[in-house]
Each structure stands twice: as C-alpha cells, then as structure tokens.
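Input: a single structure, listed below in structure tokens.
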Amino acid sequence: MDHSAYTPTTNPMMTGIRGRCPRCQEGHLFDGVLKLAPRCDVCGLDYSFADPADGPAFFSMTIVAVPALLFALWLQLSYEPSLWVHVVTTLPLTLLGSLLLLRPLKGWLVCSQFFHKAEEGSIDREWHSRAARPGGTDE
C-alpha cells in the first residue's frame, strides 16, 4: 500500500472528535463505543501505537466537574433543597456529561499521539543520546 498518498491530519483535535483515522481521515478509529479498532479499515494504519490510558477519563471528569459544581452551588444557594434533589439532578448531570465526553477525548488523544509521533520512551532515548554526545551533559 502506498502510504505517501495519505496526508496526516493537521488538526488532530477535529479528526479525533469525529472518530476518524489520524492518517487518512476516512477510516474509523473506534470498533464500538470506546474500544479502538485494531487498524484503519481504509488505509490499514495499525492503531497499536495508541495508548490513551486514563487520559480521557481524567480530562472528561475535570471538564465536567466545574459546571456541575457551579450548578450544585447555585441550586443549594438559591433553593436550599434536600440532599435527594442533588442526587437526582447533579449526580446524573455529572455522570452523563463525563460519559458523553469520553469518546471524543479518547479520539483526540489517539490522533494527537499519531500527529506528534509520541511513543513510550522517546523522551528518555532523546535525553540519553544527547548526554552520550561529546560535550553532552549528564545533569
């Protein structure tokens, strides 16, 4: 397959949010709701490089927590409801918001890894290669 025919995305955020392949922007990134496909169904890019780990969950909860907290504070200060009102309103708002953001954020992180050529240990290798050069520093 001629990989030179594919132009990598210049906008990993939008490509990831749409759930598309970071190389061809046509194939599907996901095989299900949150499970990454093993490879692109159009260009054949192997997605084994992708390791978003807990990043999407962290960003999702962080993004949703501020509006949910502001809503809970406004609700409490304005109406002084009992605890069950918060359980019925704020808790579902927080859970639903977090779950809805997981897929787009996971796609964005995977596409960003491809775009920036991120791989495990790349910073460590670069650091050691600099230190090994003549005049390099170990500090």
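Labeling convention for the structure tokens: chains A, B, ... as they appear, residues from 1 per chain, ligands from 1 in order of appearance.
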Would you mind writing down, as a ChimeraX atom specification, each residue of chain A that DSSP on the backbone assigns to strand (DSSP E or B)?
/A:20,28,30,36,39,46
Identify, on the basis of only C-alpha atoms, every residue whose closest approach to stretch 15-20 of chain A does not exceed 10 Å; exclude the query and any residue fewer than 3 positions from it along the same chain; express the result as a PDB file with N, CA and C atoms, in the first residue's frame.
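Result written to out.pdb:
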ATOM      1  N   THR A   9      -3.330  14.321   9.265  1.00  0.00           N
ATOM      2  CA  THR A   9      -4.160  15.452   9.651  1.00  0.00           C
ATOM      3  C   THR A   9      -3.324  16.601  10.196  1.00  0.00           C
ATOM      4  N   THR A  10      -3.770  17.805   9.929  1.00  0.00           N
ATOM      5  CA  THR A  10      -3.131  18.977  10.531  1.00  0.00           C
ATOM      6  C   THR A  10      -3.925  19.428  11.745  1.00  0.00           C
ATOM      7  N   ASN A  11      -5.063  18.788  11.971  1.00  0.00           N
ATOM      8  CA  ASN A  11      -5.906  19.141  13.102  1.00  0.00           C
ATOM      9  C   ASN A  11      -6.319  17.860  13.836  1.00  0.00           C
ATOM     10  N   PRO A  12      -5.424  17.343  14.706  1.00  0.00           N
ATOM     11  CA  PRO A  12      -5.751  16.088  15.387  1.00  0.00           C
ATOM     12  C   PRO A  12      -6.985  16.197  16.278  1.00  0.00           C
ATOM     13  N   ARG A  23      -4.345   9.187   9.973  1.00  0.00           N
ATOM     14  CA  ARG A  23      -3.544   9.260   8.748  1.00  0.00           C
ATOM     15  C   ARG A  23      -4.391   9.626   7.531  1.00  0.00           C
ATOM     16  N   CYS A  24      -5.506   8.946   7.320  1.00  0.00           N
ATOM     17  CA  CYS A  24      -6.297   9.191   6.100  1.00  0.00           C
ATOM     18  C   CYS A  24      -7.564  10.015   6.352  1.00  0.00           C
ATOM     19  N   GLN A  25      -7.943  10.203   7.577  1.00  0.00           N
ATOM     20  CA  GLN A  25      -9.144  10.940   7.983  1.00  0.00           C
ATOM     21  C   GLN A  25     -10.442  10.354   7.420  1.00  0.00           C
ATOM     22  N   GLU A  26     -10.393   9.100   6.968  1.00  0.00           N
ATOM     23  CA  GLU A  26     -11.586   8.468   6.409  1.00  0.00           C
ATOM     24  C   GLU A  26     -12.019   7.232   7.193  1.00  0.00           C
ATOM     25  N   GLY A  27     -11.063   6.426   7.606  1.00  0.00           N
ATOM     26  CA  GLY A  27     -11.381   5.185   8.305  1.00  0.00           C
ATOM     27  C   GLY A  27     -11.863   5.435   9.719  1.00  0.00           C
ATOM     28  N   HIS A  28     -12.476   4.420  10.286  1.00  0.00           N
ATOM     29  CA  HIS A  28     -12.999   4.527  11.646  1.00  0.00           C
ATOM     30  C   HIS A  28     -11.903   4.261  12.671  1.00  0.00           C
ATOM     31  N   LEU A  29     -11.891   5.060  13.715  1.00  0.00           N
ATOM     32  CA  LEU A  29     -10.923   4.909  14.796  1.00  0.00           C
ATOM     33  C   LEU A  29     -11.428   3.914  15.836  1.00  0.00           C
ATOM     34  N   PHE A  30     -12.742   3.833  15.981  1.00  0.00           N
ATOM     35  CA  PHE A  30     -13.333   3.003  17.029  1.00  0.00           C
ATOM     36  C   PHE A  30     -14.036   1.781  16.461  1.00  0.00           C
ATOM     37  N   LEU A  36     -10.912   0.871  20.708  1.00  0.00           N
ATOM     38  CA  LEU A  36     -10.202   1.220  19.482  1.00  0.00           C
ATOM     39  C   LEU A  36     -10.215   0.039  18.522  1.00  0.00           C
ATOM     40  N   CYS A  40      -7.002   0.775  10.813  1.00  0.00           N
ATOM     41  CA  CYS A  40      -7.913   1.570   9.983  1.00  0.00           C
ATOM     42  C   CYS A  40      -8.495   0.686   8.888  1.00  0.00           C
ATOM     43  N   LEU A 101     -18.329  12.790  26.990  1.00  0.00           N
ATOM     44  CA  LEU A 101     -17.046  13.341  26.543  1.00  0.00           C
ATOM     45  C   LEU A 101     -15.958  12.287  26.341  1.00  0.00           C
ATOM     46  N   LEU A 102     -16.145  11.081  26.856  1.00  0.00           N
ATOM     47  CA  LEU A 102     -15.078  10.069  26.798  1.00  0.00           C
ATOM     48  C   LEU A 102     -14.632   9.731  25.372  1.00  0.00           C
ATOM     49  N   ARG A 103     -15.559   9.442  24.489  1.00  0.00           N
ATOM     50  CA  ARG A 103     -15.193   9.038  23.123  1.00  0.00           C
ATOM     51  C   ARG A 103     -14.482  10.152  22.355  1.00  0.00           C
ATOM     52  N   PRO A 104     -15.012  11.373  22.313  1.00  0.00           N
ATOM     53  CA  PRO A 104     -14.284  12.424  21.586  1.00  0.00           C
ATOM     54  C   PRO A 104     -12.902  12.703  22.171  1.00  0.00           C
ATOM     55  N   LEU A 105     -12.787  12.680  23.490  1.00  0.00           N
ATOM     56  CA  LEU A 105     -11.487  12.938  24.107  1.00  0.00           C
ATOM     57  C   LEU A 105     -10.503  11.805  23.835  1.00  0.00           C
ATOM     58  N   LYS A 106     -10.974  10.572  23.838  1.00  0.00           N
ATOM     59  CA  LYS A 106     -10.098   9.439  23.533  1.00  0.00           C
ATOM     60  C   LYS A 106      -9.615   9.529  22.082  1.00  0.00           C
ATOM     61  N   GLY A 107     -10.514   9.860  21.175  1.00  0.00           N
ATOM     62  CA  GLY A 107     -10.130  10.031  19.775  1.00  0.00           C
ATOM     63  C   GLY A 107      -9.112  11.142  19.601  1.00  0.00           C
ATOM     64  N   TRP A 108      -9.310  12.240  20.297  1.00  0.00           N
ATOM     65  CA  TRP A 108      -8.386  13.371  20.218  1.00  0.00           C
ATOM     66  C   TRP A 108      -6.999  12.975  20.723  1.00  0.00           C
ATOM     67  N   LEU A 109      -6.944  12.270  21.848  1.00  0.00           N
ATOM     68  CA  LEU A 109      -5.648  11.867  22.396  1.00  0.00           C
ATOM     69  C   LEU A 109      -4.927  10.882  21.475  1.00  0.00           C
ATOM     70  N   VAL A 110      -5.654   9.946  20.886  1.00  0.00           N
ATOM     71  CA  VAL A 110      -5.030   8.986  19.969  1.00  0.00           C
ATOM     72  C   VAL A 110      -4.500   9.708  18.727  1.00  0.00           C
ATOM     73  N   CYS A 111      -5.299  10.596  18.158  1.00  0.00           N
ATOM     74  CA  CYS A 111      -4.850  11.343  16.977  1.00  0.00           C
ATOM     75  C   CYS A 111      -3.673  12.255  17.315  1.00  0.00           C
ATOM     76  N   SER A 112      -3.658  12.811  18.507  1.00  0.00           N
ATOM     77  CA  SER A 112      -2.528  13.647  18.924  1.00  0.00           C
ATOM     78  C   SER A 112      -1.263  12.814  19.075  1.00  0.00           C
TER      79      SER A 112
END
Taking the backbone alone, and naming residues the way the document does, which bits of stretch 1-109 of chain A are helix (DSSP H, G or I) by DSSP, as a VMD selection string?
chain A and resid 3 to 5 12 to 17 47 to 49 55 to 79 83 to 109
Which residues are close to stretch 95-97 of chain A, i.e. within 8 Å by only C-alpha atoms, leaving aside same-chain residues fewer than 4 positions away? Reply as a PyMOL selection string.
chain A and resi 60+64+91+101
Quick one: residues within 9 Å of A:Phe49, only C-alpha atoms, excluding same-chain residues fewer than 3 positions away - as a short mmCIF file (atom, residue, chain, number, x, y, z; two decimals) with N, CA and C atoms, in the first residue's frame?
data_model
loop_
_atom_site.label_atom_id
_atom_site.label_comp_id
_atom_site.auth_asym_id
_atom_site.auth_seq_id
_atom_site.Cartn_x
_atom_site.Cartn_y
_atom_site.Cartn_z
N ASP A 46 -2.04 0.65 11.64
CA ASP A 46 -2.13 -0.16 12.85
C ASP A 46 -2.24 0.77 14.05
N VAL A 110 -5.65 9.95 20.89
CA VAL A 110 -5.03 8.99 19.97
C VAL A 110 -4.50 9.71 18.73
N GLN A 113 -1.40 11.58 19.57
CA GLN A 113 -0.23 10.71 19.67
C GLN A 113 0.35 10.43 18.29
N PHE A 114 -0.49 10.19 17.31
CA PHE A 114 -0.02 9.94 15.94
C PHE A 114 0.60 11.20 15.36
N ALA A 118 4.27 10.41 19.19
CA ALA A 118 4.54 10.06 20.58
C ALA A 118 4.65 8.55 20.71
N GLU A 119 5.65 8.12 21.44
CA GLU A 119 5.81 6.71 21.73
C GLU A 119 6.50 6.56 23.07
N GLU A 120 6.28 5.42 23.67
CA GLU A 120 6.83 5.19 25.00
C GLU A 120 8.35 5.21 24.97
#
Report as a CSV table (one decimal) with N, CA and C atoms, in the first residue's frame all protein, DNA and RNA residues lying within 10 Å of A:Val85, evaluated on only C-alpha atoms, omitting residues in the same chain fewer than 4 positions from it.
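The result, written out as part_4.csv:
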chain,number,residue,atom,x,y,z
A,72,ALA,N,-24.5,22.8,41.2
A,72,ALA,CA,-24.8,22.4,42.6
A,72,ALA,C,-24.8,23.5,43.6
A,75,LEU,N,-27.8,25.8,42.9
A,75,LEU,CA,-29.0,25.1,43.3
A,75,LEU,C,-29.2,25.2,44.9
A,76,GLN,N,-28.1,24.9,45.5
A,76,GLN,CA,-28.1,24.9,47.0
A,76,GLN,C,-28.3,26.4,47.5
A,80,GLU,N,-32.0,25.9,48.5
A,80,GLU,CA,-31.7,25.1,49.7
A,80,GLU,C,-32.5,23.8,49.7
A,81,PRO,N,-32.3,23.0,48.7
A,81,PRO,CA,-33.1,21.7,48.6
A,81,PRO,C,-32.4,20.7,49.5
A,89,THR,N,-30.4,15.5,40.5
A,89,THR,CA,-30.0,16.4,39.5
A,89,THR,C,-28.5,16.5,39.2
A,90,THR,N,-27.7,16.8,40.2
A,90,THR,CA,-26.3,17.0,40.0
A,90,THR,C,-25.6,15.7,39.6
A,91,LEU,N,-25.9,14.6,40.3
A,91,LEU,CA,-25.2,13.4,40.0
A,91,LEU,C,-25.4,12.9,38.6
Would you compute the distance between atom CA of A:Pro22 and atom CA of A:Pro8? Give it in Å to one decimal.
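That distance, rounded to one decimal, is 6.2 Å.
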Would you please work out which residue, of A:Ser129, A:Ser78, A:Cys21, A:Val66, is nearest to A:Leu45 when using only C-alpha atoms?
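Closest to A:Leu45, using only C-alpha atoms: A:Cys21.
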Work out how far atom CA of A:Val42 is from atom CA of A:Thr7, in Å to one decimal.
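Computing the Euclidean distance for atom CA of A:Thr7 and atom CA of A:Val42 yields 13.4 Å.
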